[in-house]
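For reference, entry.cif is printed below; it contains mmCIF, C-alpha atoms, pLDDT in the B column; chains and numbers go by the auth columns.
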data_target
loop_
_atom_site.group_PDB
_atom_site.id
_atom_site.type_symbol
_atom_site.label_atom_id
_atom_site.label_comp_id
_atom_site.label_asym_id
_atom_site.label_seq_id
_atom_site.Cartn_x
_atom_site.Cartn_y
_atom_site.Cartn_z
_atom_site.B_iso_or_equiv
_atom_site.auth_seq_id
_atom_site.auth_asym_id
ATOM 1 C CA MET A 1 55.502 -78.037 41.018 60.00 1092 A
ATOM 2 C CA GLN A 2 53.388 -75.516 39.140 77.00 1093 A
ATOM 3 C CA LEU A 3 53.229 -73.107 42.066 87.00 1094 A
ATOM 4 C CA LYS A 4 56.939 -73.516 42.718 90.00 1095 A
ATOM 5 C CA LEU A 5 57.843 -72.685 39.103 93.00 1096 A
ATOM 6 C CA TYR A 6 55.475 -69.728 39.089 94.00 1097 A
ATOM 7 C CA ASP A 7 56.979 -68.416 42.326 94.00 1098 A
ATOM 8 C CA LEU A 8 60.558 -68.899 41.129 96.00 1099 A
ATOM 9 C CA ARG A 9 59.845 -67.214 37.816 95.00 1100 A
ATOM 10 C CA LYS A 10 57.873 -64.260 39.168 96.00 1101 A
ATOM 11 C CA ASN A 11 59.403 -63.587 42.573 94.00 1102 A
ATOM 12 C CA TYR A 12 62.955 -64.928 42.319 94.00 1103 A
ATOM 13 C CA LYS A 13 63.920 -64.078 38.742 96.00 1104 A
ATOM 14 C CA HIS A 14 61.206 -61.512 37.943 97.00 1105 A
ATOM 15 C CA MET A 15 60.734 -63.060 34.501 97.00 1106 A
ATOM 16 C CA THR A 16 57.697 -63.403 32.268 97.00 1107 A
ATOM 17 C CA GLN A 17 56.564 -66.709 30.807 97.00 1108 A
ATOM 18 C CA GLY A 18 57.769 -65.407 27.444 98.00 1109 A
ATOM 19 C CA GLU A 19 61.266 -64.753 28.772 98.00 1110 A
ATOM 20 C CA VAL A 20 61.548 -68.232 30.266 98.00 1111 A
ATOM 21 C CA ALA A 21 60.142 -69.745 27.068 98.00 1112 A
ATOM 22 C CA LYS A 22 62.793 -67.907 25.039 98.00 1113 A
ATOM 23 C CA TYR A 23 65.502 -69.139 27.435 98.00 1114 A
ATOM 24 C CA LEU A 24 64.271 -72.711 26.879 98.00 1115 A
ATOM 25 C CA GLY A 25 63.852 -72.256 23.118 98.00 1116 A
ATOM 26 C CA ILE A 26 60.122 -73.034 23.142 98.00 1117 A
ATOM 27 C CA SER A 27 56.992 -71.013 22.472 98.00 1118 A
ATOM 28 C CA GLU A 28 55.322 -69.045 25.238 97.00 1119 A
ATOM 29 C CA LYS A 29 52.180 -71.140 24.809 97.00 1120 A
ATOM 30 C CA THR A 30 54.184 -74.359 25.234 97.00 1121 A
ATOM 31 C CA TYR A 31 55.878 -73.007 28.352 97.00 1122 A
ATOM 32 C CA ARG A 32 52.539 -71.895 29.781 96.00 1123 A
ATOM 33 C CA GLU A 33 51.165 -75.427 29.342 95.00 1124 A
ATOM 34 C CA LYS A 34 54.240 -76.897 31.005 95.00 1125 A
ATOM 35 C CA GLU A 35 54.119 -74.471 33.935 93.00 1126 A
ATOM 36 C CA LYS A 36 50.433 -75.337 34.436 92.00 1127 A
ATOM 37 C CA GLY A 37 51.278 -79.058 34.434 89.00 1128 A
ATOM 38 C CA VAL A 38 49.326 -79.810 31.248 93.00 1129 A
ATOM 39 C CA THR A 39 52.473 -80.903 29.387 93.00 1130 A
ATOM 40 C CA PRO A 40 55.590 -82.372 31.055 93.00 1131 A
ATOM 41 C CA PHE A 41 59.030 -80.798 30.847 95.00 1132 A
ATOM 42 C CA ASN A 42 61.674 -82.867 29.071 96.00 1133 A
ATOM 43 C CA GLN A 43 65.056 -83.553 30.679 96.00 1134 A
ATOM 44 C CA ASP A 44 66.873 -80.795 28.800 97.00 1135 A
ATOM 45 C CA GLU A 45 64.292 -78.256 29.957 97.00 1136 A
ATOM 46 C CA MET A 46 64.520 -79.481 33.556 96.00 1137 A
ATOM 47 C CA PHE A 47 68.308 -79.126 33.538 97.00 1138 A
ATOM 48 C CA ALA A 48 68.045 -75.664 31.951 98.00 1139 A
ATOM 49 C CA LEU A 49 65.535 -74.486 34.574 97.00 1140 A
ATOM 50 C CA SER A 50 67.700 -75.939 37.323 96.00 1141 A
ATOM 51 C CA LYS A 51 70.601 -73.860 36.017 97.00 1142 A
ATOM 52 C CA LEU A 52 68.443 -70.742 35.553 97.00 1143 A
ATOM 53 C CA PHE A 53 67.126 -70.853 39.124 96.00 1144 A
ATOM 54 C CA ASN A 54 70.373 -72.203 40.606 96.00 1145 A
ATOM 55 C CA LEU A 55 68.493 -75.043 42.308 95.00 1146 A
ATOM 56 C CA SER A 56 68.698 -78.812 42.048 93.00 1147 A
ATOM 57 C CA ILE A 57 66.230 -80.537 39.747 92.00 1148 A
ATOM 58 C CA ASP A 58 64.645 -82.439 42.626 89.00 1149 A
ATOM 59 C CA THR A 59 64.025 -79.186 44.497 89.00 1150 A
ATOM 60 C CA ILE A 60 62.034 -77.856 41.554 90.00 1151 A
ATOM 61 C CA PHE A 61 60.367 -80.926 40.105 87.00 1152 A
ATOM 62 C CA LEU A 62 59.871 -83.580 42.784 79.00 1153 A
ATOM 63 C CA PRO A 63 56.877 -83.395 45.109 66.00 1154 A
ATOM 64 C CA ARG A 64 57.892 -82.278 48.588 55.00 1155 A
ATOM 65 C CA LYS A 65 57.222 -85.703 50.076 57.00 1156 A
ATOM 66 C CA PHE A 66 59.877 -87.252 47.784 51.00 1157 A
ATOM 67 C CA GLN A 67 62.595 -84.610 47.975 45.00 1158 A
ATOM 68 C CA ASN A 68 66.051 -85.546 49.242 49.00 1159 A
ATOM 69 C CA GLY A 69 65.401 -89.206 48.473 49.00 1160 A
ATOM 70 C CA THR A 70 63.134 -89.711 51.460 49.00 1161 A
ATOM 71 C CA LYS A 71 59.458 -90.442 51.071 49.00 1162 A
ATOM 72 C CA LYS A 72 57.503 -88.607 53.713 48.00 1163 A
ATOM 73 C CA SER A 73 53.899 -89.402 54.528 46.00 1164 A
#

Write-out of the structure in structure tokens:
Amino acid sequence: MQLKLYDLRKNYKHMTQGEVAKYLGISEKTYREKEKGVTPFNQDEMFALSKLFNLSIDTIFLPRKFQNGTKKS
């Protein structure tokens, strides 16, 4: 997830961590910890990021082996 969020933020939206943090209404430090996987995102933040990146929540936040409701080995 961390690499996916980093890639979406930097390469898709060309945004800084500070800009995404402001969009979510949290501090840059808090966002940085969440993007690194130190702290989990809450549901509101997941929905907001889904809207920002125009992707489904499972595409962003579920491990690849669990996406689309199918566990892959």

Counting only C-alpha atoms, what is within 10 Å of segment 1136-1142 of chain A, bar same-chain residues fewer than 6 positions away, as a JSON list (two decimals) with C-alpha atoms, in the frame of the given file?
[["chain", "number", "residue", "atom", "x", "y", "z"],
["A", 1096, "LEU", "CA", 57.84, -72.68, 39.10],
["A", 1099, "LEU", "CA", 60.56, -68.90, 41.13],
["A", 1100, "ARG", "CA", 59.84, -67.21, 37.82],
["A", 1111, "VAL", "CA", 61.55, -68.23, 30.27],
["A", 1112, "ALA", "CA", 60.14, -69.74, 27.07],
["A", 1114, "TYR", "CA", 65.50, -69.14, 27.44],
["A", 1115, "LEU", "CA", 64.27, -72.71, 26.88],
["A", 1116, "GLY", "CA", 63.85, -72.26, 23.12],
["A", 1117, "ILE", "CA", 60.12, -73.03, 23.14],
["A", 1148, "ILE", "CA", 66.23, -80.54, 39.75],
["A", 1149, "ASP", "CA", 64.64, -82.44, 42.63],
["A", 1150, "THR", "CA", 64.03, -79.19, 44.50],
["A", 1151, "ILE", "CA", 62.03, -77.86, 41.55],
["A", 1152, "PHE", "CA", 60.37, -80.93, 40.10]]

(message) Using all atoms listed in the file, can you tell me which of A:Gly1128, A:Ser1118, A:Phe1144, A:Leu1153 comes closest to Asp1098 of chain A?
(response) A:Phe1144

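All polymer residues at most 10 Å from (54.3, -70.6, 29.1), using only C-alpha atoms, appear as Thr1107, Gln1108, Gly1109, Glu1110, Val1111, Ala1112, Lys1113, Ile1117, Ser1118, Glu1119, Lys1120, Thr1121, Tyr1122, Arg1123, Glu1124, Lys1125, Glu1126 and Lys1127 of chain A.
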
For segment 1144-1151 of chain A, take all atoms listed in the file, fit an axis-aligned box around them, add 4 Å to each of the six sides, then output centre and edge lengths in Å rounded to one decimal, as lines of an AutoDock Vina configuration file.
center_x = 66.2
center_y = -76.6
center_z = 41.8
size_x = 16.3
size_y = 19.6
size_z = 13.4

(message) Rounded to one decimal, what separation in Å do you get between atom CA of Tyr1103 of chain A and atom CA of Asp1135 of chain A?
(response)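 Result for atom CA of Tyr1103 of chain A versus atom CA of Asp1135 of chain A: 21.2 Å, one decimal.
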